[in-house]
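Novice: Sending over model29.pdb (PDB, C-alpha atoms and all ligand atoms).
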MODEL        1
ATOM      1  CA  MET A   1       1.408 -21.834   6.777
ATOM      2  CA  LEU A   2      -1.575 -19.684   7.595
ATOM      3  CA  ALA A   3      -1.632 -20.859  11.198
ATOM      4  CA  ARG A   4       2.111 -20.227  11.567
ATOM      5  CA  LEU A   5       1.744 -16.681  10.264
ATOM      6  CA  ALA A   6      -1.328 -16.040  12.344
ATOM      7  CA  LEU A   7       0.597 -17.125  15.403
ATOM      8  CA  ALA A   8       3.510 -14.865  14.510
ATOM      9  CA  PHE A   9       1.310 -11.810  14.231
ATOM     10  CA  ALA A  10      -0.710 -12.748  17.282
ATOM     11  CA  VAL A  11       2.471 -12.831  19.357
ATOM     12  CA  ALA A  12       3.588  -9.507  17.907
ATOM     13  CA  LEU A  13       0.314  -7.734  18.435
ATOM     14  CA  PRO A  14      -1.430  -8.950  21.575
ATOM     15  CA  SER A  15      -3.481  -5.760  21.728
ATOM     16  CA  LEU A  16      -4.998  -6.600  18.373
ATOM     17  CA  LEU A  17      -6.313  -9.930  19.504
ATOM     18  CA  ALA A  18      -9.429  -8.196  20.713
ATOM     19  CA  ALA A  19     -10.186  -7.279  17.121
ATOM     20  CA  PRO A  20     -10.564  -9.921  14.421
ATOM     21  CA  ALA A  21      -7.589  -8.584  12.448
ATOM     22  CA  LEU A  22      -6.588 -11.952  11.020
ATOM     23  CA  ALA A  23      -8.817 -13.957   8.788
ATOM     24  CA  ALA A  24      -8.523 -16.178   5.767
ATOM     25  CA  PRO A  25      -8.268 -14.125   2.598
ATOM     26  CA  ASP A  26     -11.193 -13.942   0.233
ATOM     27  CA  GLY A  27     -11.400 -12.620  -3.290
ATOM     28  CA  GLY A  28     -10.268 -15.854  -4.887
ATOM     29  CA  SER A  29      -6.912 -17.523  -5.250
ATOM     30  CA  TYR A  30      -3.689 -15.763  -6.150
ATOM     31  CA  GLY A  31      -0.587 -16.911  -7.995
ATOM     32  CA  LEU A  32       1.685 -16.930  -4.934
ATOM     33  CA  ASP A  33      -0.724 -18.620  -2.490
ATOM     34  CA  ASP A  34       1.097 -21.944  -2.666
ATOM     35  CA  ILE A  35       4.638 -20.570  -2.451
ATOM     36  CA  SER A  36       6.172 -21.319   0.948
ATOM     37  CA  ARG A  37       7.426 -18.251   2.838
ATOM     38  CA  ALA A  38       9.534 -20.395   5.188
ATOM     39  CA  VAL A  39      13.287 -19.701   5.010
ATOM     40  CA  ALA A  40      16.374 -20.451   7.090
ATOM     41  CA  PRO A  41      16.483 -17.904   9.921
ATOM     42  CA  ARG A  42      20.206 -17.225   9.451
ATOM     43  CA  GLY A  43      22.776 -17.136   6.693
ATOM     44  CA  LYS A  44      22.463 -16.165   3.089
ATOM     45  CA  LEU A  45      18.825 -15.706   2.178
ATOM     46  CA  VAL A  46      17.539 -17.376  -0.952
ATOM     47  CA  CYS A  47      14.169 -15.942  -1.919
ATOM     48  CA  PRO A  48      11.582 -18.017  -3.816
ATOM     49  CA  ASP A  49      12.043 -17.741  -7.551
ATOM     50  CA  VAL A  50       9.052 -15.828  -8.949
ATOM     51  CA  PRO A  51       8.682 -13.981 -12.262
ATOM     52  CA  LEU A  52       9.352 -10.268 -11.805
ATOM     53  CA  THR A  53       8.658  -7.274 -14.017
ATOM     54  CA  THR A  54       9.276  -3.537 -13.900
ATOM     55  CA  TYR A  55       5.992  -1.656 -13.776
ATOM     56  CA  ARG A  56       5.575   2.107 -14.076
ATOM     57  CA  GLY A  57       1.817   2.485 -13.556
ATOM     58  CA  ASP A  58      -0.954   2.560 -16.165
ATOM     59  CA  VAL A  59      -3.783   4.531 -14.536
ATOM     60  CA  VAL A  60      -1.499   6.658 -12.315
ATOM     61  CA  ARG A  61       2.295   6.585 -12.699
ATOM     62  CA  TYR A  62       4.734   5.729  -9.920
ATOM     63  CA  GLN A  63       7.444   8.292  -9.245
ATOM     64  CA  THR A  64      10.000   5.483  -9.470
ATOM     65  CA  PRO A  65       9.398   2.213 -11.352
ATOM     66  CA  ALA A  66       8.085  -0.697  -9.287
ATOM     67  CA  ARG A  67       9.861  -4.076  -9.500
ATOM     68  CA  VAL A  68       7.121  -6.618  -8.728
ATOM     69  CA  TYR A  69       5.826 -10.154  -9.263
ATOM     70  CA  THR A  70       4.053 -10.241 -12.632
ATOM     71  CA  GLY A  71       0.756 -11.242 -10.995
ATOM     72  CA  PHE A  72       0.905  -8.214  -8.671
ATOM     73  CA  VAL A  73       0.662  -5.797 -11.614
ATOM     74  CA  GLU A  74      -3.081  -6.289 -12.015
ATOM     75  CA  ARG A  75      -3.547  -5.589  -8.271
ATOM     76  CA  LEU A  76      -1.541  -2.377  -8.622
ATOM     77  CA  ARG A  77      -3.591  -1.321 -11.647
ATOM     78  CA  ARG A  78      -6.799  -1.730  -9.610
ATOM     79  CA  PHE A  79      -5.146   0.194  -6.750
ATOM     80  CA  GLU A  80      -4.316   3.071  -9.113
ATOM     81  CA  ALA A  81      -7.930   3.148 -10.330
ATOM     82  CA  VAL A  82      -9.089   3.535  -6.704
ATOM     83  CA  VAL A  83      -6.458   6.261  -6.126
ATOM     84  CA  ALA A  84      -7.738   8.099  -9.219
ATOM     85  CA  GLU A  85     -11.372   7.746  -8.156
ATOM     86  CA  VAL A  86     -10.751   8.983  -4.601
ATOM     87  CA  GLY A  87      -8.495  11.801  -5.854
ATOM     88  CA  THR A  88     -11.214  12.946  -8.238
ATOM     89  CA  ARG A  89     -13.829  12.778  -5.495
ATOM     90  CA  ILE A  90     -11.822  14.749  -2.932
ATOM     91  CA  TYR A  91      -9.677  17.041  -5.128
ATOM     92  CA  GLY A  92     -11.322  17.119  -8.560
ATOM     93  CA  ARG A  93      -8.466  15.194 -10.205
ATOM     94  CA  ALA A  94      -6.321  12.101  -9.888
ATOM     95  CA  PRO A  95      -2.798  12.542  -8.561
ATOM     96  CA  ARG A  96      -0.057  12.850 -11.170
ATOM     97  CA  LYS A  97       2.302  10.507  -9.334
ATOM     98  CA  ILE A  98       2.279   7.871  -6.595
ATOM     99  CA  ARG A  99       5.365   7.932  -4.407
ATOM    100  CA  HIS A 100       6.579   4.557  -3.105
ATOM    101  CA  LEU A 101       9.529   3.555  -0.925
ATOM    102  CA  GLY A 102      10.082   0.058  -2.233
ATOM    103  CA  THR A 103       8.704  -3.089  -3.804
ATOM    104  CA  TYR A 104      10.921  -6.120  -4.523
ATOM    105  CA  ASN A 105      13.566  -6.614  -1.859
ATOM    106  CA  CYS A 106      14.813 -10.091  -0.942
ATOM    107  CA  ARG A 107      14.679  -9.954   2.852
ATOM    108  CA  ARG A 108      13.227 -11.683   5.884
ATOM    109  CA  ILE A 109      10.449 -10.238   8.028
ATOM    110  CA  GLY A 110      12.344  -8.299  10.712
ATOM    111  CA  ARG A 111      10.780  -9.963  13.737
ATOM    112  CA  TYR A 112      10.269 -13.350  12.090
ATOM    113  CA  PRO A 113      13.587 -14.358  10.524
ATOM    114  CA  ASP A 114      12.214 -17.738   9.448
ATOM    115  CA  LEU A 115       9.737 -16.065   7.099
ATOM    116  CA  VAL A 116      10.499 -14.202   3.902
ATOM    117  CA  SER A 117       8.898 -10.766   3.579
ATOM    118  CA  GLU A 118       6.267 -10.316   0.876
ATOM    119  CA  HIS A 119       8.788  -7.846  -0.567
ATOM    120  CA  GLY A 120      11.047 -10.872  -1.069
ATOM    121  CA  VAL A 121       8.598 -12.247  -3.635
ATOM    122  CA  GLY A 122       7.820  -8.869  -5.241
ATOM    123  CA  ASN A 123       4.359  -9.018  -3.713
ATOM    124  CA  GLY A 124       4.246  -5.823  -1.646
ATOM    125  CA  ILE A 125       4.562  -2.069  -2.041
ATOM    126  CA  ASP A 126       5.303   0.695   0.476
ATOM    127  CA  ILE A 127       3.295   3.816  -0.384
ATOM    128  CA  ALA A 128       4.654   7.106   1.014
ATOM    129  CA  GLY A 129       2.453   9.688  -0.683
ATOM    130  CA  PHE A 130       0.853  11.268  -3.719
ATOM    131  CA  GLU A 131       1.782  14.206  -5.961
ATOM    132  CA  PHE A 132      -1.130  16.198  -7.359
ATOM    133  CA  GLY A 133      -0.621  18.445 -10.367
ATOM    134  CA  PRO A 134      -2.505  21.706 -11.032
ATOM    135  CA  LEU A 135      -6.265  21.470 -11.625
ATOM    136  CA  ALA A 136      -7.252  21.842 -15.290
ATOM    137  CA  ARG A 137      -8.229  25.448 -16.130
ATOM    138  CA  ASP A 138     -11.863  24.591 -16.897
ATOM    139  CA  ALA A 139     -12.292  22.124 -13.996
ATOM    140  CA  ALA A 140     -14.092  22.986 -10.752
ATOM    141  CA  LEU A 141     -12.509  22.469  -7.335
ATOM    142  CA  PRO A 142     -14.866  20.499  -5.046
ATOM    143  CA  ASP A 143     -16.802  22.733  -2.599
ATOM    144  CA  GLY A 144     -15.143  23.750   0.636
ATOM    145  CA  LEU A 145     -11.526  23.356  -0.469
ATOM    146  CA  PRO A 146      -9.048  26.264  -0.269
ATOM    147  CA  LYS A 147      -8.499  27.921  -3.667
ATOM    148  CA  ALA A 148      -4.770  27.294  -3.329
ATOM    149  CA  LEU A 149      -5.470  23.638  -4.075
ATOM    150  CA  ARG A 150      -5.963  24.561  -7.722
ATOM    151  CA  ARG A 151      -2.172  24.504  -7.773
ATOM    152  CA  GLY A 152      -0.127  21.355  -7.357
ATOM    153  CA  PHE A 153       0.479  19.904  -3.887
ATOM    154  CA  SER A 154       1.496  16.651  -2.244
ATOM    155  CA  VAL A 155      -0.102  14.347   0.327
ATOM    156  CA  SER A 156       2.208  12.375   2.618
ATOM    157  CA  VAL A 157       1.410   9.476   4.932
ATOM    158  CA  LEU A 158       3.999  10.746   7.427
ATOM    159  CA  LYS A 159       2.716  14.353   7.603
ATOM    160  CA  ASP A 160      -0.946  14.034   6.767
ATOM    161  CA  TRP A 161      -2.352  10.860   8.338
ATOM    162  CA  ASP A 162      -2.694  12.810  11.609
ATOM    163  CA  PRO A 163      -2.823  16.289  10.123
ATOM    164  CA  ASP A 164      -0.949  19.210  11.576
ATOM    165  CA  PRO A 165      -2.009  21.941  11.133
ATOM    166  CA  ALA A 166      -5.724  21.187  11.068
ATOM    167  CA  ALA A 167      -6.058  23.398   7.960
ATOM    168  CA  GLN A 168      -4.699  20.422   6.036
ATOM    169  CA  ALA A 169      -7.456  18.111   7.308
ATOM    170  CA  HIS A 170      -8.561  17.475   3.718
ATOM    171  CA  LYS A 171      -5.331  15.526   3.234
ATOM    172  CA  ALA A 172      -6.183  13.164   6.091
ATOM    173  CA  ARG A 173      -9.659  12.893   4.571
ATOM    174  CA  PHE A 174      -8.114  11.837   1.269
ATOM    175  CA  LEU A 175      -5.873   9.222   2.930
ATOM    176  CA  ARG A 176      -8.726   7.780   5.024
ATOM    177  CA  ALA A 177     -11.102   7.705   2.047
ATOM    178  CA  LEU A 178      -8.420   5.862   0.094
ATOM    179  CA  THR A 179      -7.719   3.234   2.757
ATOM    180  CA  ASP A 180     -11.471   2.794   3.421
ATOM    181  CA  ALA A 181     -12.032   2.138  -0.278
ATOM    182  CA  LEU A 182      -9.121  -0.323  -0.416
ATOM    183  CA  VAL A 183     -10.195  -2.229   2.694
ATOM    184  CA  ALA A 184     -13.688  -2.581   1.214
ATOM    185  CA  ARG A 185     -12.269  -4.355  -1.849
ATOM    186  CA  ASP A 186     -11.369  -8.049  -1.680
ATOM    187  CA  ASP A 187      -9.715  -8.149  -5.102
ATOM    188  CA  ILE A 188      -6.795  -5.768  -4.516
ATOM    189  CA  PHE A 189      -4.757  -6.162  -1.300
ATOM    190  CA  ARG A 190      -5.083  -8.635   1.578
ATOM    191  CA  VAL A 191      -2.638  -6.977   3.976
ATOM    192  CA  LEU A 192      -2.944  -3.250   4.621
ATOM    193  CA  LEU A 193      -0.663  -1.742   7.261
ATOM    194  CA  GLY A 194      -0.313   1.930   8.162
ATOM    195  CA  PRO A 195       0.888   4.253  10.903
ATOM    196  CA  ALA A 196      -0.859   2.231  13.642
ATOM    197  CA  TYR A 197       1.448  -0.728  12.881
ATOM    198  CA  PRO A 198       4.975  -0.582  14.353
ATOM    199  CA  GLY A 199       7.546   0.762  11.872
ATOM    200  CA  HIS A 200       4.984   2.232   9.479
ATOM    201  CA  LYS A 201       4.752   5.910  10.479
ATOM    202  CA  ASN A 202       5.756   7.091   7.022
ATOM    203  CA  HIS A 203       4.083   4.616   4.686
ATOM    204  CA  PHE A 204       1.291   2.205   3.937
ATOM    205  CA  HIS A 205       2.442  -1.348   3.302
ATOM    206  CA  PHE A 206       0.094  -3.161   0.938
ATOM    207  CA  ASP A 207       0.556  -6.772  -0.147
ATOM    208  CA  CYS A 208      -1.217  -9.879  -1.326
ATOM    209  CA  ALA A 209       0.059 -12.433   1.234
ATOM    210  CA  PRO A 210      -1.938 -15.655   1.777
ATOM    211  CA  TYR A 211      -3.686 -14.174   4.839
ATOM    212  CA  ARG A 212      -5.698 -11.084   5.731
ATOM    213  CA  LEU A 213      -4.340  -8.440   8.100
ATOM    214  CA  VAL A 214      -5.560  -4.845   8.336
ATOM    215  CA  VAL A 215      -3.884  -2.476  10.803
ATOM    216  CA  LEU A 216      -4.095   1.154   9.759
TER     217      LEU A 216
HETATM  218 ZN    ZN A 301       6.476  -3.040   3.108
ENDMDL
END
Is it possible to express this structure as structure tokens?
Specialist:
Amino acid sequence: MLARLALAFAVALPSLLAAPALAAPDGGSYGLDDISRAVAPRGKLVCPDVPLTTYRGDVVRYQTPARVYTGFVERLRRFEAVVAEVGTRIYGRAPRKIRHLGTYNCRRIGRYPDLVSEHGVGNGIDIAGFEFGPLARDAALPDGLPKALRRGFSVSVLKDWDPDPAAQAHKARFLRALTDALVARDDIFRVLLGPAYPGHKNHFHFDCAPYRLVVL
């Protein structure tokens, strides 16, 4: 399975072969590691039967509820804790909401129709951005930030990963600090894709597939 997936991504991304983007996952085993992702390339898709739950976020809330594999909830909770920590470091508070574009969705991987997407087992999330509320009256804004950031604002992967105008560079700093912190952890996500990966200009795709792939 791992070799088949590695081959699929290697064919898709020859330019990445220079970098060791694929490796066996670490951080221990995971509940879906032994579930086959192989499916018939055509016809009605039947996704593996996994327990799903609707999760709204414990540390930071999601703007819309997330339908996910039950074992993915703990990963999301750790993700939210990192979001809160990085938000507090860069902006003096955690965001009020995390905006996502989708979680469970029974579908094949676009370019690899004989493999089910991690979304097809409720094991992935597409993160589009973050909504920050106003800073508490008695809280201090970190040094160097425009005073206007005491009010609420949003950070978007689409608009802020490569910031324009440069005055919003703090938003890119937040997004990079977040992805750096997530990549450094081996107990949250194994696959982290962002704007550098085809089809991901407007979101980060994070999942816990049985292989490691980081392209941000
Ligand atoms: Zn995705």
Novice: Give as a PDB file with C-alpha atoms, keeping the file's coordinate frame each residue that has an atom at most 12 Å from (-10.2, -6.6, -2.1) in the file, counting only C-alpha atoms.
Specialist:
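To be explicit, this is the file written out as out.pdb:
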ATOM      1  CA  PRO A  25      -8.268 -14.125   2.598  1.00  0.00           C
ATOM      2  CA  ASP A  26     -11.193 -13.942   0.233  1.00  0.00           C
ATOM      3  CA  GLY A  27     -11.400 -12.620  -3.290  1.00  0.00           C
ATOM      4  CA  GLY A  28     -10.268 -15.854  -4.887  1.00  0.00           C
ATOM      5  CA  SER A  29      -6.912 -17.523  -5.250  1.00  0.00           C
ATOM      6  CA  TYR A  30      -3.689 -15.763  -6.150  1.00  0.00           C
ATOM      7  CA  ARG A  75      -3.547  -5.589  -8.271  1.00  0.00           C
ATOM      8  CA  LEU A  76      -1.541  -2.377  -8.622  1.00  0.00           C
ATOM      9  CA  ARG A  78      -6.799  -1.730  -9.610  1.00  0.00           C
ATOM     10  CA  PHE A  79      -5.146   0.194  -6.750  1.00  0.00           C
ATOM     11  CA  VAL A  82      -9.089   3.535  -6.704  1.00  0.00           C
ATOM     12  CA  THR A 179      -7.719   3.234   2.757  1.00  0.00           C
ATOM     13  CA  ASP A 180     -11.471   2.794   3.421  1.00  0.00           C
ATOM     14  CA  ALA A 181     -12.032   2.138  -0.278  1.00  0.00           C
ATOM     15  CA  LEU A 182      -9.121  -0.323  -0.416  1.00  0.00           C
ATOM     16  CA  VAL A 183     -10.195  -2.229   2.694  1.00  0.00           C
ATOM     17  CA  ALA A 184     -13.688  -2.581   1.214  1.00  0.00           C
ATOM     18  CA  ARG A 185     -12.269  -4.355  -1.849  1.00  0.00           C
ATOM     19  CA  ASP A 186     -11.369  -8.049  -1.680  1.00  0.00           C
ATOM     20  CA  ASP A 187      -9.715  -8.149  -5.102  1.00  0.00           C
ATOM     21  CA  ILE A 188      -6.795  -5.768  -4.516  1.00  0.00           C
ATOM     22  CA  PHE A 189      -4.757  -6.162  -1.300  1.00  0.00           C
ATOM     23  CA  ARG A 190      -5.083  -8.635   1.578  1.00  0.00           C
ATOM     24  CA  VAL A 191      -2.638  -6.977   3.976  1.00  0.00           C
ATOM     25  CA  LEU A 192      -2.944  -3.250   4.621  1.00  0.00           C
ATOM     26  CA  PHE A 206       0.094  -3.161   0.938  1.00  0.00           C
ATOM     27  CA  ASP A 207       0.556  -6.772  -0.147  1.00  0.00           C
ATOM     28  CA  CYS A 208      -1.217  -9.879  -1.326  1.00  0.00           C
ATOM     29  CA  ARG A 212      -5.698 -11.084   5.731  1.00  0.00           C
ATOM     30  CA  LEU A 213      -4.340  -8.440   8.100  1.00  0.00           C
ATOM     31  CA  VAL A 214      -5.560  -4.845   8.336  1.00  0.00           C
TER      32      VAL A 214
END
Novice: For the structure provided, state which residues fall under the PyMOL selection byres (((chain A and resi 156) around 9) and not hetatm), and present them as number ranges by chain.
Specialist: A: 99, 128-131, 154-155, 157-161, 171, 175, 202-203
Novice: Step by step, measure atom-to-atom distances between ligand ZN 301 (chain A) and each residue using only C-alpha atoms and all ligand atoms, keep those at most 6 Å, then write them as a list in words.
Specialist: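 The residues near ligand ZN 301 (chain A) are Gly124, Ile125, Asp126 and His205 of chain A.
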Novice: Evaluate the PyMOL selection byres (((chain A and resi 39) around 12) and not hetatm) on the structure here and hand back the selected residues as number ranges by chain.
Specialist: A: 35-38, 40-48, 106-109, 112-117, 120
Novice: Here is a test: counting all atoms listed in the file, which residue of A:Asp34, A:Gly92, A:Phe153, A:Arg176 is nearest to Ala136 of chain A?
Specialist: A:Gly92
Novice: As an exercise, work out the distance from atom CA of Leu193 of chain A to atom CA of Ala66 of chain A in Å and give it to one decimal place.
Specialist: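 That distance, rounded to one decimal, is 18.7 Å.
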Novice: Distance atom CA of Gln63 of chain A-atom CA of Arg96 of chain A, one decimal place?
Specialist: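 Separation of atom CA of Gln63 of chain A and atom CA of Arg96 of chain A: 9.0 Å.
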Novice: Out of A:Arg89, A:Arg111, A:His100, A:His119, which residue has the shortest atom-to-atom distance to Ala140 of chain A when counting all atoms listed in the file?
Specialist: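 Residue with the minimum atom-to-atom distance to Ala140 of chain A: A:Arg89.
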Novice: What gap, in Å, lies between atom CA of Arg151 of chain A and atom CA of Ala139 of chain A?
Specialist: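 It comes out at 12.1 Å.
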Novice: For Ala172 of chain A, which residue out of A:Tyr104, A:Arg67, A:Ile90, A:Gly31 is the nearest one, using all atoms listed in the file?
Specialist: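 Ranking A:Tyr104, A:Arg67, A:Ile90, A:Gly31 by distance to Ala172 of chain A, first place goes to A:Ile90.
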Novice: Please determine, counting all atoms listed in the file, which residue among A:Lys201, A:Asp49, A:Pro134, A:Glu74 has the shortest atom-to-atom distance to Ala94 of chain A.
Specialist: A:Pro134
Novice: What do you get, as a short mmCIF file (atom, residue, chain, number, x, y, z; two decimals) with C-alpha atoms, keeping the file's coordinate frame, if you spell out every residue that the PyMOL selection byres (((chain A and resi 196) around 7) and not hetatm) selects here?
Specialist:
data_model
loop_
_atom_site.label_atom_id
_atom_site.label_comp_id
_atom_site.auth_asym_id
_atom_site.auth_seq_id
_atom_site.Cartn_x
_atom_site.Cartn_y
_atom_site.Cartn_z
CA GLY A 194 -0.31 1.93 8.16
CA PRO A 195 0.89 4.25 10.90
CA TYR A 197 1.45 -0.73 12.88
CA PRO A 198 4.97 -0.58 14.35
CA VAL A 215 -3.88 -2.48 10.80
CA LEU A 216 -4.10 1.15 9.76
#
Novice: Between A:Gly144, A:Gly199, A:Gly133, A:Pro210, which is the closest to Gly87 of chain A once you count all atoms listed in the file?
Specialist: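 Once distances to Gly87 of chain A are computed over all atoms listed in the file, the minimum belongs to A:Gly133.
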Novice: Nearest to Gly57 of chain A: which of A:Asp33, A:Gly110, A:Ala148, A:Ile98 is it, counting all atoms listed in the file?
Specialist: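 The closest residue to Gly57 of chain A is A:Ile98.
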Novice: Taking every listed atom of segment 49-61 of chain A and adding 3 Å to each side, what centre and edge lengths in Å (one decimal) does the axis-aligned box have, as lines of an AutoDock Vina configuration file?
Specialist:
center_x = 4.1
center_y = -5.5
center_z = -11.9
size_x = 21.8
size_y = 30.4
size_z = 14.6
Novice: Can you put N, CA and C atoms back into segment 182-207 of chain A and show it as a PDB file, keeping the file's coordinate frame?
Specialist:
ATOM      1  N   LEU A 182      -9.957   0.863  -0.169  1.00  0.00           N
ATOM      2  CA  LEU A 182      -9.121  -0.323  -0.416  1.00  0.00           C
ATOM      3  C   LEU A 182      -9.503  -1.483   0.492  1.00  0.00           C
ATOM      4  N   VAL A 183      -9.806  -1.178   1.754  1.00  0.00           N
ATOM      5  CA  VAL A 183     -10.195  -2.229   2.694  1.00  0.00           C
ATOM      6  C   VAL A 183     -11.516  -2.880   2.247  1.00  0.00           C
ATOM      7  N   ALA A 184     -12.380  -2.069   1.645  1.00  0.00           N
ATOM      8  CA  ALA A 184     -13.688  -2.581   1.214  1.00  0.00           C
ATOM      9  C   ALA A 184     -13.578  -3.529   0.018  1.00  0.00           C
ATOM     10  N   ARG A 185     -12.451  -3.508  -0.664  1.00  0.00           N
ATOM     11  CA  ARG A 185     -12.269  -4.355  -1.849  1.00  0.00           C
ATOM     12  C   ARG A 185     -11.570  -5.654  -1.472  1.00  0.00           C
ATOM     13  N   ASP A 186     -12.053  -6.784  -1.983  1.00  0.00           N
ATOM     14  CA  ASP A 186     -11.369  -8.049  -1.680  1.00  0.00           C
ATOM     15  C   ASP A 186     -10.587  -8.555  -2.891  1.00  0.00           C
ATOM     16  N   ASP A 187     -10.431  -7.716  -3.897  1.00  0.00           N
ATOM     17  CA  ASP A 187      -9.715  -8.149  -5.102  1.00  0.00           C
ATOM     18  C   ASP A 187      -8.466  -7.300  -5.367  1.00  0.00           C
ATOM     19  N   ILE A 188      -8.005  -6.577  -4.320  1.00  0.00           N
ATOM     20  CA  ILE A 188      -6.795  -5.768  -4.516  1.00  0.00           C
ATOM     21  C   ILE A 188      -5.724  -6.242  -3.534  1.00  0.00           C
ATOM     22  N   PHE A 189      -5.767  -5.764  -2.287  1.00  0.00           N
ATOM     23  CA  PHE A 189      -4.757  -6.162  -1.300  1.00  0.00           C
ATOM     24  C   PHE A 189      -5.402  -6.969  -0.181  1.00  0.00           C
ATOM     25  N   ARG A 190      -4.614  -7.871   0.420  1.00  0.00           N
ATOM     26  CA  ARG A 190      -5.083  -8.635   1.578  1.00  0.00           C
ATOM     27  C   ARG A 190      -4.500  -8.091   2.870  1.00  0.00           C
ATOM     28  N   VAL A 191      -3.287  -7.562   2.793  1.00  0.00           N
ATOM     29  CA  VAL A 191      -2.638  -6.977   3.976  1.00  0.00           C
ATOM     30  C   VAL A 191      -2.504  -5.474   3.744  1.00  0.00           C
ATOM     31  N   LEU A 192      -3.038  -4.706   4.702  1.00  0.00           N
ATOM     32  CA  LEU A 192      -2.944  -3.250   4.621  1.00  0.00           C
ATOM     33  C   LEU A 192      -2.466  -2.757   5.977  1.00  0.00           C
ATOM     34  N   LEU A 193      -1.239  -2.248   6.017  1.00  0.00           N
ATOM     35  CA  LEU A 193      -0.663  -1.742   7.261  1.00  0.00           C
ATOM     36  C   LEU A 193      -0.380  -0.251   7.103  1.00  0.00           C
ATOM     37  N   GLY A 194      -0.551   0.488   8.209  1.00  0.00           N
ATOM     38  CA  GLY A 194      -0.313   1.930   8.162  1.00  0.00           C
ATOM     39  C   GLY A 194       0.317   2.388   9.454  1.00  0.00           C
ATOM     40  N   PRO A 195       0.212   3.687   9.740  1.00  0.00           N
ATOM     41  CA  PRO A 195       0.888   4.253  10.903  1.00  0.00           C
ATOM     42  C   PRO A 195       0.573   3.586  12.246  1.00  0.00           C
ATOM     43  N   ALA A 196      -0.553   2.898  12.370  1.00  0.00           N
ATOM     44  CA  ALA A 196      -0.859   2.231  13.642  1.00  0.00           C
ATOM     45  C   ALA A 196      -0.029   0.963  13.835  1.00  0.00           C
ATOM     46  N   TYR A 197       0.634   0.488  12.800  1.00  0.00           N
ATOM     47  CA  TYR A 197       1.448  -0.728  12.881  1.00  0.00           C
ATOM     48  C   TYR A 197       2.900  -0.325  13.102  1.00  0.00           C
ATOM     49  N   PRO A 198       3.589  -0.983  14.056  1.00  0.00           N
ATOM     50  CA  PRO A 198       4.975  -0.582  14.353  1.00  0.00           C
ATOM     51  C   PRO A 198       5.840  -0.484  13.084  1.00  0.00           C
ATOM     52  N   GLY A 199       6.626   0.592  13.002  1.00  0.00           N
ATOM     53  CA  GLY A 199       7.546   0.762  11.872  1.00  0.00           C
ATOM     54  C   GLY A 199       6.919   1.328  10.616  1.00  0.00           C
ATOM     55  N   HIS A 200       5.685   1.779  10.694  1.00  0.00           N
ATOM     56  CA  HIS A 200       4.984   2.232   9.479  1.00  0.00           C
ATOM     57  C   HIS A 200       4.476   3.677   9.588  1.00  0.00           C
ATOM     58  N   LYS A 201       5.181   4.514  10.332  1.00  0.00           N
ATOM     59  CA  LYS A 201       4.752   5.910  10.479  1.00  0.00           C
ATOM     60  C   LYS A 201       4.720   6.661   9.150  1.00  0.00           C
ATOM     61  N   ASN A 202       5.626   6.286   8.244  1.00  0.00           N
ATOM     62  CA  ASN A 202       5.756   7.091   7.022  1.00  0.00           C
ATOM     63  C   ASN A 202       5.260   6.393   5.750  1.00  0.00           C
ATOM     64  N   HIS A 203       4.602   5.255   5.910  1.00  0.00           N
ATOM     65  CA  HIS A 203       4.083   4.616   4.686  1.00  0.00           C
ATOM     66  C   HIS A 203       2.968   3.619   4.979  1.00  0.00           C
ATOM     67  N   PHE A 204       2.210   3.345   3.930  1.00  0.00           N
ATOM     68  CA  PHE A 204       1.291   2.205   3.937  1.00  0.00           C
ATOM     69  C   PHE A 204       2.024   1.038   3.294  1.00  0.00           C
ATOM     70  N   HIS A 205       1.952  -0.127   3.944  1.00  0.00           N
ATOM     71  CA  HIS A 205       2.442  -1.348   3.302  1.00  0.00           C
ATOM     72  C   HIS A 205       1.225  -2.119   2.818  1.00  0.00           C
ATOM     73  N   PHE A 206       1.181  -2.383   1.524  1.00  0.00           N
ATOM     74  CA  PHE A 206       0.094  -3.161   0.938  1.00  0.00           C
ATOM     75  C   PHE A 206       0.684  -4.408   0.286  1.00  0.00           C
ATOM     76  N   ASP A 207       0.094  -5.569   0.552  1.00  0.00           N
ATOM     77  CA  ASP A 207       0.556  -6.772  -0.147  1.00  0.00           C
ATOM     78  C   ASP A 207      -0.581  -7.752  -0.372  1.00  0.00           C
TER      79      ASP A 207
END
